[in-house]
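Below is target-v4.cif, which holds mmCIF, C-alpha atoms and all ligand atoms.
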data_upload
#
loop_
_atom_site.label_atom_id
_atom_site.label_comp_id
_atom_site.auth_asym_id
_atom_site.auth_seq_id
_atom_site.Cartn_x
_atom_site.Cartn_y
_atom_site.Cartn_z
CA MET A 62 123.41 35.83 83.43
CA ARG A 63 121.89 39.32 83.39
CA VAL A 64 121.21 40.76 86.83
CA VAL A 65 118.89 43.79 86.87
CA SER A 66 117.31 45.64 89.78
CA GLY A 67 116.21 49.10 90.87
CA ILE A 68 115.64 51.12 94.00
CA GLN A 69 113.55 54.27 94.44
CA PRO A 70 115.22 57.49 95.56
CA THR A 71 112.32 58.53 97.78
CA GLY A 72 113.14 58.75 101.50
CA LYS A 73 116.29 57.41 103.07
CA PRO A 74 117.56 53.90 102.30
CA HIS A 75 117.20 51.62 105.32
CA LEU A 76 118.18 48.26 106.74
CA GLY A 77 115.32 46.49 104.92
CA ASN A 78 116.64 47.75 101.57
CA TYR A 79 120.15 46.68 102.54
CA LEU A 80 119.45 43.16 103.82
CA GLY A 81 116.58 42.47 101.40
CA ALA A 82 118.15 43.80 98.21
CA ILE A 83 121.37 45.88 98.18
CA ARG A 84 123.49 43.16 99.78
CA ASN A 85 122.40 40.82 97.00
CA TYR A 86 123.21 43.39 94.29
CA VAL A 87 126.77 43.39 95.63
CA LYS A 88 126.99 39.61 95.69
CA LEU A 89 125.40 39.17 92.27
CA GLN A 90 127.65 41.75 90.58
CA ASP A 91 130.49 39.29 91.26
CA ASP A 92 128.48 36.20 90.32
CA ALA A 93 127.49 37.85 87.03
CA GLN A 94 131.08 38.76 86.25
CA ALA A 95 132.28 35.25 87.07
CA ALA A 96 129.62 33.83 84.73
CA GLY A 97 130.60 36.20 81.91
CA GLY A 98 127.34 38.11 82.38
CA GLU A 99 126.47 41.60 83.54
CA CYS A 100 124.76 43.38 86.40
CA LEU A 101 122.68 46.56 85.91
CA ILE A 102 121.48 48.45 88.98
CA PHE A 103 119.50 51.64 88.62
CA ILE A 104 117.95 54.41 90.67
CA ALA A 105 114.24 54.26 89.85
CA ASP A 106 113.77 58.03 89.69
CA LEU A 107 110.95 57.78 87.13
CA HIS A 108 109.01 55.61 89.58
CA ALA A 109 109.23 58.43 92.12
CA LEU A 110 106.82 60.49 89.99
CA SER A 111 103.97 58.17 90.96
CA LEU A 112 103.50 59.92 94.32
CA PRO A 113 103.66 63.64 95.17
CA HIS A 114 107.31 64.71 95.31
CA ASP A 115 109.57 67.69 95.72
CA PRO A 116 111.82 68.14 92.63
CA ALA A 117 114.81 69.53 94.56
CA GLU A 118 114.60 66.66 97.06
CA LEU A 119 114.32 64.06 94.29
CA HIS A 120 117.44 65.45 92.64
CA ALA A 121 119.45 65.45 95.87
CA SER A 122 118.30 62.02 96.99
CA THR A 123 119.07 60.47 93.59
CA LEU A 124 122.71 61.52 93.97
CA GLU A 125 122.77 60.45 97.65
CA LEU A 126 121.47 57.04 96.68
CA VAL A 127 124.33 56.57 94.20
CA ALA A 128 126.73 57.38 97.04
CA THR A 129 124.91 54.91 99.31
CA LEU A 130 125.02 52.08 96.78
CA VAL A 131 128.74 52.57 96.18
CA ALA A 132 129.30 52.82 99.96
CA CYS A 133 127.50 49.47 100.32
CA GLY A 134 129.98 47.83 97.94
CA LEU A 135 128.43 48.23 94.51
CA ASP A 136 131.38 48.82 92.21
CA PRO A 137 130.73 51.00 89.13
CA ASN A 138 133.59 49.17 87.41
CA LYS A 139 131.83 45.84 87.86
CA ALA A 140 128.15 46.78 87.69
CA ILE A 141 126.39 49.27 85.40
CA LEU A 142 125.01 51.88 87.81
CA PHE A 143 122.65 54.52 86.41
CA ASN A 144 119.37 56.38 86.83
CA GLN A 145 116.31 55.67 84.69
CA ALA A 146 115.82 59.30 83.64
CA GLN A 147 118.98 59.14 81.54
CA VAL A 148 117.77 56.08 79.64
CA PRO A 149 114.59 56.99 77.71
CA ALA A 150 114.25 53.39 76.52
CA HIS A 151 112.64 52.59 79.92
CA PRO A 152 109.51 54.75 79.44
CA GLU A 153 109.54 53.92 75.71
CA MET A 154 109.44 50.21 76.45
CA GLN A 155 106.76 50.84 79.07
CA TRP A 156 104.50 52.27 76.37
CA LEU A 157 105.20 49.37 74.03
CA LEU A 158 104.16 46.97 76.81
CA SER A 159 101.08 49.00 77.75
CA GLY A 160 99.06 47.43 74.95
CA THR A 161 99.80 44.01 76.44
CA ALA A 162 99.34 44.65 80.19
CA ARG A 163 95.76 44.21 81.39
CA MET A 164 93.74 46.48 83.70
CA GLY A 165 92.69 43.42 85.73
CA TRP A 166 96.33 42.44 86.31
CA LEU A 167 97.22 45.91 87.58
CA ASN A 168 94.08 46.09 89.71
CA ARG A 169 95.27 43.03 91.62
CA MET A 170 98.63 44.56 92.63
CA THR A 171 98.70 44.73 96.44
CA GLN A 172 101.02 47.78 96.43
CA TRP A 173 98.50 49.67 94.30
CA LYS A 174 95.71 48.70 96.69
CA ASP A 175 97.77 49.65 99.76
CA LYS A 176 99.07 52.94 98.40
CA ALA A 177 95.82 54.06 96.80
CA GLY A 178 93.69 53.05 99.79
CA LYS A 179 90.09 54.23 99.45
CA ASN A 180 90.99 57.18 97.22
CA ARG A 181 91.66 55.41 93.89
CA GLU A 182 90.09 58.16 91.81
CA GLY A 183 92.47 60.73 93.26
CA GLN A 184 95.67 58.81 92.48
CA SER A 185 98.03 59.56 89.62
CA ILE A 186 97.89 57.32 86.55
CA ALA A 187 101.59 56.67 87.22
CA LEU A 188 100.79 54.94 90.52
CA PHE A 189 98.49 52.54 88.68
CA THR A 190 100.76 51.84 85.69
CA TYR A 191 103.96 51.79 87.77
CA PRO A 192 104.31 47.95 87.52
CA VAL A 193 104.37 48.20 83.71
CA LEU A 194 107.37 50.54 83.96
CA GLN A 195 108.92 48.02 86.35
CA ALA A 196 108.33 45.25 83.80
CA ALA A 197 109.95 47.43 81.11
CA ASP A 198 112.95 48.00 83.42
CA VAL A 199 113.84 44.33 83.49
CA LEU A 200 112.54 43.08 80.12
CA LEU A 201 114.48 45.81 78.27
CA TYR A 202 117.73 44.13 79.33
CA GLN A 203 116.61 40.48 79.06
CA ALA A 204 117.14 40.14 82.82
CA THR A 205 117.57 36.59 84.08
CA HIS A 206 118.01 37.38 87.82
CA VAL A 207 116.26 40.21 89.70
CA PRO A 208 117.40 40.65 93.32
CA VAL A 209 114.51 42.09 95.37
CA GLY A 210 112.77 41.85 98.74
CA GLU A 211 109.56 39.83 99.10
CA ASP A 212 107.35 42.92 98.56
CA GLN A 213 108.42 43.11 94.89
CA LYS A 214 107.64 39.48 94.08
CA GLN A 215 104.16 40.23 92.76
CA HIS A 216 105.52 42.97 90.45
CA LEU A 217 108.02 40.48 89.05
CA GLU A 218 105.27 37.92 88.45
CA LEU A 219 103.44 40.60 86.50
CA ALA A 220 106.57 41.26 84.45
CA ARG A 221 106.65 37.56 83.59
CA ASP A 222 102.96 37.60 82.61
CA ILE A 223 103.49 40.62 80.37
CA ALA A 224 106.56 39.02 78.78
CA GLN A 225 104.73 35.78 78.15
CA LYS A 226 101.67 37.43 76.62
CA PHE A 227 103.84 39.65 74.39
CA ASN A 228 105.87 36.60 73.27
CA ASN A 229 102.64 34.68 72.53
CA ASP A 230 100.89 37.53 70.74
CA PHE A 231 103.72 39.00 68.68
CA CYS A 232 106.60 36.53 68.29
CA PRO A 233 107.05 33.26 66.39
CA GLU A 234 106.78 30.29 68.74
CA ASP A 235 110.42 29.34 68.30
CA ALA A 236 111.74 32.92 68.73
CA PRO A 237 110.22 34.60 71.80
CA LEU A 238 111.55 38.14 72.33
CA PHE A 239 111.53 38.45 76.11
CA THR A 240 113.36 36.38 78.72
CA LEU A 241 111.24 35.53 81.77
CA PRO A 242 113.03 37.06 84.80
CA GLU A 243 113.50 35.16 88.09
CA PRO A 244 113.22 37.06 91.38
CA ILE A 245 116.15 36.45 93.77
CA ILE A 246 114.81 36.88 97.31
CA PRO A 247 117.07 36.26 100.31
CA PRO A 248 115.23 33.78 102.57
CA GLU A 249 116.84 35.19 105.72
CA ALA A 250 115.83 38.80 105.01
CA ALA A 251 112.89 38.63 102.62
CA ARG A 252 110.85 41.05 104.70
CA ILE A 253 112.46 43.09 107.46
CA MET A 254 109.73 44.50 109.70
CA SER A 255 109.26 47.86 111.44
CA LEU A 256 110.95 48.25 114.84
CA ARG A 257 107.69 49.67 116.20
CA ASP A 258 105.23 47.14 114.78
CA GLY A 259 106.17 43.57 113.88
CA SER A 260 103.23 43.30 111.47
CA ALA A 261 104.32 46.23 109.24
CA LYS A 262 107.21 46.22 106.78
CA MET A 263 110.21 48.46 107.53
CA SER A 264 109.60 51.27 105.06
CA LYS A 265 110.96 54.61 103.87
CA SER A 266 107.46 56.05 104.04
CA ASP A 267 106.73 55.21 107.70
CA PRO A 268 106.28 58.60 109.41
CA SER A 269 108.19 57.40 112.49
CA ASP A 270 111.98 57.45 112.07
CA MET A 271 112.15 55.13 115.11
CA SER A 272 110.53 52.40 113.00
CA ARG A 273 113.64 51.89 110.85
CA ILE A 274 117.44 51.87 110.89
CA ASN A 275 118.62 54.22 108.15
CA LEU A 276 121.88 53.28 106.47
CA GLN A 277 123.16 56.73 107.40
CA ASP A 278 122.30 56.50 111.11
CA ASP A 279 125.27 56.91 113.45
CA ALA A 280 126.13 54.44 116.22
CA ASP A 281 124.21 56.40 118.89
CA ALA A 282 121.05 56.54 116.80
CA ILE A 283 121.28 52.81 116.03
CA MET A 284 121.74 51.82 119.69
CA LYS A 285 118.88 54.09 120.74
CA LYS A 286 116.49 52.74 118.12
CA ILE A 287 117.28 49.13 119.04
CA LYS A 288 116.91 49.89 122.77
CA LYS A 289 113.47 51.40 122.08
CA ALA A 290 112.42 48.70 119.58
CA LYS A 291 109.11 47.13 120.54
CA THR A 292 109.40 43.67 122.13
CA ASP A 293 107.48 41.53 124.58
CA PRO A 294 108.40 40.68 128.19
CA GLU A 295 109.27 37.01 127.53
CA PRO A 296 112.89 35.87 127.19
CA LEU A 297 114.04 34.45 123.84
CA PRO A 298 112.95 30.83 123.27
CA SER A 299 115.48 28.13 122.39
CA GLU A 300 113.56 27.00 119.31
CA GLU A 301 111.92 28.71 116.37
CA ALA A 302 108.42 27.48 117.25
CA GLY A 303 108.64 29.61 120.40
CA LEU A 304 108.57 32.74 118.22
CA ASN A 305 105.09 32.00 116.84
CA ALA A 306 102.82 34.97 117.51
CA ARG A 307 105.84 37.04 118.63
CA PRO A 308 106.48 39.06 115.44
CA GLU A 309 108.69 41.73 117.05
CA ALA A 310 110.94 39.13 118.67
CA LEU A 311 111.13 37.15 115.42
CA ASN A 312 112.10 40.31 113.53
CA LEU A 313 114.98 41.18 115.87
CA VAL A 314 116.27 37.61 115.85
CA SER A 315 116.03 37.48 112.04
CA ILE A 316 117.93 40.76 111.69
CA TYR A 317 120.67 39.46 113.98
CA GLY A 318 120.84 36.21 112.00
CA ALA A 319 121.00 38.04 108.65
CA LEU A 320 123.80 40.30 109.92
CA THR A 321 125.89 37.51 111.40
CA GLY A 322 125.20 34.89 108.72
CA GLN A 323 123.34 32.54 111.07
CA SER A 324 119.96 30.86 110.79
CA VAL A 325 117.19 31.83 113.24
CA GLU A 326 117.48 28.33 114.70
CA ARG A 327 121.19 28.84 115.40
CA VAL A 328 120.71 32.31 116.92
CA LEU A 329 118.10 30.84 119.27
CA SER A 330 120.18 27.85 120.24
CA GLU A 331 122.93 30.27 121.34
CA ASN A 332 120.76 32.98 122.88
CA GLY A 333 117.64 31.11 124.08
CA GLY A 334 116.71 32.04 127.65
CA GLN A 335 118.19 35.55 127.36
CA GLY A 336 116.00 38.57 127.95
CA PHE A 337 115.98 41.49 125.54
CA GLY A 338 118.05 43.51 128.02
CA ALA A 339 120.97 41.26 127.08
CA PHE A 340 120.08 40.52 123.43
CA LYS A 341 119.38 44.07 122.25
CA PRO A 342 122.90 45.46 122.94
CA LYS A 343 124.35 42.50 121.03
CA LEU A 344 122.07 43.22 118.09
CA GLY A 345 122.91 46.95 118.25
CA GLU A 346 126.62 46.17 118.14
CA ALA A 347 126.24 43.83 115.18
CA LEU A 348 124.36 46.58 113.36
CA VAL A 349 126.98 49.22 114.13
CA GLU A 350 129.72 46.87 112.99
CA THR A 351 128.01 46.38 109.61
CA LEU A 352 126.74 49.91 109.06
CA ALA A 353 129.55 52.11 110.44
CA PRO A 354 131.93 51.47 107.50
CA ILE A 355 129.06 52.06 105.07
CA SER A 356 128.10 55.41 106.55
CA GLU A 357 131.76 56.43 106.72
CA ARG A 358 132.23 55.73 102.99
CA PHE A 359 128.89 57.41 102.28
CA ARG A 360 129.93 60.64 104.04
CA ALA A 361 133.20 60.75 102.10
CA LEU A 362 131.43 60.26 98.77
CA LYS A 363 128.26 62.27 99.04
CA GLU A 364 129.85 65.70 98.57
CA ASP A 365 131.84 64.56 95.54
CA ARG A 366 129.24 65.68 93.05
CA GLU A 367 131.56 65.36 90.07
CA THR A 368 132.31 61.70 90.75
CA LEU A 369 128.63 60.87 91.33
CA ASP A 370 127.55 62.60 88.11
CA ALA A 371 130.31 60.81 86.21
CA ILE A 372 129.27 57.39 87.58
CA LEU A 373 125.69 57.98 86.42
CA ALA A 374 126.67 59.33 83.00
CA ARG A 375 128.99 56.40 82.32
CA GLY A 376 126.43 53.87 83.55
CA ALA A 377 123.63 55.45 81.50
CA ALA A 378 125.70 55.36 78.30
CA LYS A 379 126.27 51.63 78.79
CA ALA A 380 122.64 50.97 79.73
CA ARG A 381 121.40 52.81 76.60
CA GLU A 382 123.62 50.56 74.52
CA ARG A 383 122.53 47.36 76.28
CA GLY A 384 118.84 48.20 75.87
CA THR A 385 118.93 49.18 72.18
CA PRO A 386 118.58 45.74 70.52
CA THR A 387 115.57 44.61 72.58
CA LEU A 388 113.80 47.95 72.20
CA ALA A 389 114.30 47.84 68.41
CA ALA A 390 113.05 44.25 68.30
CA ALA A 391 109.93 45.20 70.30
CA TYR A 392 109.11 48.02 67.84
CA GLU A 393 109.55 45.62 64.97
CA ALA A 394 107.47 42.84 66.54
CA LEU A 395 104.62 45.32 67.00
CA GLY A 396 104.73 46.37 63.36
CA LEU A 397 105.76 49.95 64.05
CA VAL A 398 107.53 51.69 61.18
CA ARG A 399 110.80 53.42 62.13
CA GLY A 400 112.98 55.09 59.47
P1 LIG A 501 112.02 50.09 96.85
O1 LIG A 501 112.78 51.32 96.50
O2 LIG A 501 110.79 50.24 97.70
O3 LIG A 501 112.97 49.07 97.58
C1 LIG A 501 114.24 48.71 97.05
C2 LIG A 501 114.50 47.24 97.35
O4 LIG A 501 114.47 47.01 98.78
C3 LIG A 501 113.57 45.94 99.07
N1 LIG A 501 112.92 46.21 100.38
C4 LIG A 501 112.91 45.36 101.41
N2 LIG A 501 113.41 44.11 101.56
C5 LIG A 501 113.22 43.50 102.77
N3 LIG A 501 112.56 44.09 103.81
C6 LIG A 501 112.03 45.33 103.69
N4 LIG A 501 111.39 45.90 104.72
C7 LIG A 501 112.19 46.01 102.45
N5 LIG A 501 111.80 47.24 102.00
C8 LIG A 501 112.25 47.34 100.73
C9 LIG A 501 112.55 45.96 97.94
O5 LIG A 501 111.90 44.72 97.80
C10 LIG A 501 113.42 46.32 96.75
O6 LIG A 501 114.05 45.17 96.23
N6 LIG A 501 109.46 49.12 92.66
C11 LIG A 501 110.75 48.97 93.32
C12 LIG A 501 111.90 49.57 92.53
C13 LIG A 501 112.01 49.05 91.14
C14 LIG A 501 112.50 47.77 90.74
C15 LIG A 501 112.43 47.78 89.33
C16 LIG A 501 112.97 46.66 91.42
C17 LIG A 501 111.68 49.74 90.02
N7 LIG A 501 111.91 48.99 88.93
C18 LIG A 501 112.82 46.65 88.56
C19 LIG A 501 113.37 45.55 90.67
C20 LIG A 501 113.29 45.56 89.27
C21 LIG A 501 110.70 49.68 94.67
O7 LIG A 501 109.91 50.59 94.87
O8 LIG A 501 111.66 49.27 95.54
#

Would you encode the structure as structure tokens?
Ligand code: TYM
Amino acid sequence: MRVVSGIQPTGKPHLGNYLGAIRNYVKLQDDAQAAGGECLIFIADLHALSLPHDPAELHASTLELVATLVACGLDPNKAILFNQAQVPAHPEMQWLLSGTARMGWLNRMTQWKDKAGKNREGQSIALFTYPVLQAADVLLYQATHVPVGEDQKQHLELARDIAQKFNNDFCPEDAPLFTLPEPIIPPEAARIMSLRDGSAKMSKSDPSDMSRINLQDDADAIMKKIKKAKTDPEPLPSEEAGLNARPEALNLVSIYGALTGQSVERVLSENGGQGFGAFKPKLGEALVETLAPISERFRALKEDRETLDAILARGAAKARERGTPTLAAAYEALGLVRG
């Protein structure tokens, strides 16, 4: 079992990242250990170059994200925690896969279409080829399990397509090089939505801070954001079907269920008939209960620059070692001569 996943250091990590992905990194680091496998989690700082960025901010937020991941329960003694920029095999492998990935495949990526909008010609090449780097990230380590939110599913399917084509084109039938990775998506929190618009994903790039709960928000900010979260005037239904066409209500109920380990059905059977005036404070409290210890640990860690640098250096050394055999095999399969 090889668990591999990444998270971008742009913007502040939020509840969607936590419930959709980070919580599963923490769970899977233990599952991997129990199965005699390994878990590699990285800060996708190279991916951050695909959109305009401020170098000083990128540097600071990379270190803050390490502190956040550790605060969330990722243990650098159990998982290999590193940033891509310290492991050149990632962009190397990306180039080796670039002869296999197809323009048509990348053109179909919904994130490319959404982020580029009407101005495709003005986008960086990195924004277009970004999913090939993402494929390299997981294929380099022979990942079996990739914990992600629903929005990354298409990128993972692309990684599988690239792996399969490379195996077909360059490897003997009985000795494929790349393992096909499986996405691990939590059904209860696959897609946490914005607090201001139930049809948009909660996102680091939303200009409104009221649209998301940041993992570093304090209790007052959390309660205020939940109080102001968009809802409708109807009370909560007693059954799931009653949430059809009520995306904001469904989102709040799903968040509450994900935090308390209950299904939507169960949350409704206990809270059906309540108005949001009663349900929102309950949700706010559940959020504070989960996030307060995380932000406390984060604050204690984030100034400890030496520890954060050391975690990344140690993780990167291990990651470089883990990636070496597959990178060498990819060079060889392609017929490239290396001394
Ligand atoms: P990123 O940084 O946008 O998000 C990190 C993780 O959080 C999940 N996520 C969500 N889950 C549920 N609801 C939401 N509203 C929500 N928003 C974000 C994402 O699905 C992701 O799992 N391209 C990736 C980073 C990456 C990567 C990889 C992931 C680079 N290489 C290799 C896996 C494997 C990204 O931008 O995630």

Quick one: contact table of stretch 198-297 of chain A to stretch 163-180 of chain A, 8 Å max, nearest atom pair and distance in Å to one decimal per residue, counting only C-alpha atoms, chain and number order, as JSON lines?
{"residue": "A:Gln215", "atom": "CA", "partner": "A:Met170", "partner_atom": "CA", "distance": 7.0}
{"residue": "A:His216", "atom": "CA", "partner": "A:Met170", "partner_atom": "CA", "distance": 7.4}
{"residue": "A:Leu219", "atom": "CA", "partner": "A:Trp166", "partner_atom": "CA", "distance": 7.3}

Write the selection just made, keeping C-alpha atoms, as a PDB file, in the coordinates of the input?
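Wrote selection36.pdb, looks like this:
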ATOM      1  CA  GLN A 215     104.160  40.230  92.760  1.00  0.00           C
ATOM      2  CA  HIS A 216     105.520  42.970  90.450  1.00  0.00           C
ATOM      3  CA  LEU A 219     103.440  40.600  86.500  1.00  0.00           C
TER       4      LEU A 219
END

Next item on the list: Have a look at A:Ser324, A:Thr71, A:Thr387, A:Thr351 and name the one nearest to A:Glu118; count only C-alpha atoms.
Entry: A:Thr71

Next item on the list: Mind giving me the straight-line distance from atom CA of A:Gly97 to atom CA of A:Ala140 in Å, one decimal?
Entry: 12.3 Å

Checklist line | Pairwise distance for atom C19 of ligand LIG 501 (chain A) and atom CA of A:Ile316, rounded to one decimal in Å | finding: 22.0 Å

Determine, for each residue of chain A having at least one atom at most 9 Å from an atom of ligand LIG 501 (chain A), the closest pair of atoms and their separation in Å to one decimal, counting only C-alpha atoms and all ligand atoms; order by chain and ascending number, as a tab-separated table.
residue	atom	partner	partner_atom	distance
A:Val65	CA	A:LIG501	C20	6.3
A:Ser66	CA	A:LIG501	C19	4.0
A:Gly67	CA	A:LIG501	C14	3.9
A:Ile68	CA	A:LIG501	O1	3.8
A:Gln69	CA	A:LIG501	O1	3.7
A:Pro70	CA	A:LIG501	O1	6.7
A:Thr71	CA	A:LIG501	O1	7.3
A:Gly72	CA	A:LIG501	O1	9.0
A:Pro74	CA	A:LIG501	O1	7.9
A:His75	CA	A:LIG501	N5	7.7
A:Leu76	CA	A:LIG501	C6	7.5
A:Gly77	CA	A:LIG501	C6	3.7
A:Asn78	CA	A:LIG501	O4	3.6
A:Tyr79	CA	A:LIG501	O4	6.8
A:Leu80	CA	A:LIG501	C5	6.3
A:Gly81	CA	A:LIG501	N2	3.6
A:Ala82	CA	A:LIG501	O6	4.8
A:Ile83	CA	A:LIG501	O4	7.0
A:Ile102	CA	A:LIG501	C20	8.7
A:Phe103	CA	A:LIG501	N7	8.0
A:Ile104	CA	A:LIG501	C17	7.8
A:Ala105	CA	A:LIG501	C17	5.2
A:Asp106	CA	A:LIG501	C17	8.6
A:Leu107	CA	A:LIG501	C17	8.6
A:His108	CA	A:LIG501	C17	6.5
A:Ala109	CA	A:LIG501	O7	8.3
A:Tyr191	CA	A:LIG501	N6	7.8
A:Pro192	CA	A:LIG501	N6	7.4
A:Leu194	CA	A:LIG501	N7	6.9
A:Gln195	CA	A:LIG501	N7	4.1
A:Ala196	CA	A:LIG501	C18	6.7
A:Ala197	CA	A:LIG501	C18	8.0
A:Asp198	CA	A:LIG501	C18	5.3
A:Val199	CA	A:LIG501	C18	5.7
A:Val207	CA	A:LIG501	C20	6.1
A:Pro208	CA	A:LIG501	O6	6.3
A:Val209	CA	A:LIG501	O6	3.2
A:Gly210	CA	A:LIG501	O5	3.1
A:Glu211	CA	A:LIG501	O5	5.6
A:Asp212	CA	A:LIG501	O5	5.0
A:Gln213	CA	A:LIG501	O5	4.8
A:Lys214	CA	A:LIG501	O5	7.7
A:His216	CA	A:LIG501	N6	7.6
A:Leu217	CA	A:LIG501	C20	7.3
A:Pro244	CA	A:LIG501	C19	8.5
A:Ile246	CA	A:LIG501	O5	8.4
A:Pro247	CA	A:LIG501	C5	8.6
A:Ala250	CA	A:LIG501	C5	5.8
A:Ala251	CA	A:LIG501	C5	4.9
A:Arg252	CA	A:LIG501	N3	3.6
A:Ile253	CA	A:LIG501	N3	3.8
A:Met254	CA	A:LIG501	N4	5.4
A:Ser255	CA	A:LIG501	N4	7.3
A:Ala261	CA	A:LIG501	N4	8.4
A:Lys262	CA	A:LIG501	N4	4.7
A:Met263	CA	A:LIG501	N4	4.0
A:Ser264	CA	A:LIG501	N5	5.5
A:Lys265	CA	A:LIG501	O2	7.6
A:Arg273	CA	A:LIG501	N4	8.9

Within 12 Å of A:Asp370, counting all atoms listed in the file, which residues qualify if same-chain residues fewer than 6 places away don't, as a JSON list (two decimals) with C-alpha atoms, in the frame of the given file?
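Saved to around_33.json:
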[["chain", "number", "residue", "atom", "x", "y", "z"],
["A", 120, "HIS", "CA", 117.44, 65.45, 92.64],
["A", 121, "ALA", "CA", 119.45, 65.45, 95.87],
["A", 123, "THR", "CA", 119.07, 60.47, 93.59],
["A", 124, "LEU", "CA", 122.71, 61.52, 93.97],
["A", 125, "GLU", "CA", 122.77, 60.45, 97.65],
["A", 126, "LEU", "CA", 121.47, 57.04, 96.68],
["A", 127, "VAL", "CA", 124.33, 56.57, 94.20],
["A", 128, "ALA", "CA", 126.73, 57.38, 97.04],
["A", 142, "LEU", "CA", 125.01, 51.88, 87.81],
["A", 143, "PHE", "CA", 122.65, 54.52, 86.41],
["A", 144, "ASN", "CA", 119.37, 56.38, 86.83],
["A", 147, "GLN", "CA", 118.98, 59.14, 81.54],
["A", 362, "LEU", "CA", 131.43, 60.26, 98.77],
["A", 363, "LYS", "CA", 128.26, 62.27, 99.04],
["A", 364, "GLU", "CA", 129.85, 65.70, 98.57],
["A", 376, "GLY", "CA", 126.43, 53.87, 83.55],
["A", 377, "ALA", "CA", 123.63, 55.45, 81.50]]

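As for atom CA of A:Lys291 and atom CA of A:Ile355, they are spaced 25.7 Å apart.
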
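Distances here use only C-alpha atoms; by that measure, the residue among A:Leu311, A:Leu241, A:Met271, A:Cys232 closest to A:Gly396 is A:Cys232.
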
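Restricting the calculation to only C-alpha atoms, the smallest distance between A:Pro354 and any of A:Leu276, A:Ala319, A:Leu110, A:Leu329 is found for A:Leu276.
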
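When the distance limit is 10 Å and all atoms listed in the file are what count, the residues near A:Ala347, minus those fewer than 2 positions from it on the same chain, are A:Ile316, A:Tyr317, A:Gly318, A:Leu320, A:Thr321, A:Lys341, A:Pro342, A:Lys343, A:Leu344, A:Gly345, A:Val349, A:Glu350, A:Thr351, A:Leu352.
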
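Ranking A:Leu157, A:Leu119, A:Ser315, A:Leu348 by their shortest atom-to-atom distance to A:Leu397, with all atoms listed in the file included, puts A:Leu157 first.
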
Notebook entry, point to check: How would you write as a list in words the residues that get within 10 Å of (130.9, 49.0, 99.0) in the file's frame, counting all atoms listed in the file?
Noted result: Arg84, Val87, Ala128, Thr129, Leu130, Val131, Ala132, Cys133, Gly134, Leu135, Asp136, Pro354, Ile355, Arg358 and Phe359 of chain A

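You can rank A:Ala204, A:Leu256, A:Ala339, A:Ile223 by their closest distance to A:Ile283 using all atoms listed in the file, and at the top of that list sits A:Leu256.
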
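Candidate residues A:Leu188, A:Arg63, A:Ala389, A:Asp230 were compared for distance to A:Gln203, and the nearest is A:Arg63, using only C-alpha atoms.
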
Margin query: At a cut-off of 12 Å, using only C-alpha atoms, what residues contact A:Ala96? Leave out same-chain residues fewer than 5 positions from it and give the result as a PyMOL selection string.
Written below: chain A and resi 62-64+89-91

Set up a box along x, y and z of the file covering all listed atoms of stretch 186-191 of chain A, add 3 Å on every one of the six sides, and write the centre and edge lengths in Å to one decimal, as AutoDock Vina command-line options.
--center_x 100.9 --center_y 54.6 --center_z 88.1 --size_x 12.1 --size_y 11.5 --size_z 10.8

Checklist line | Contact residues around A:Lys379 with only C-alpha atoms at 10 Å, ignoring same-chain residues under 2 positions, as an MDAnalysis selection string | finding: chainID A and resid 101 141:143 148 373:377 381:384
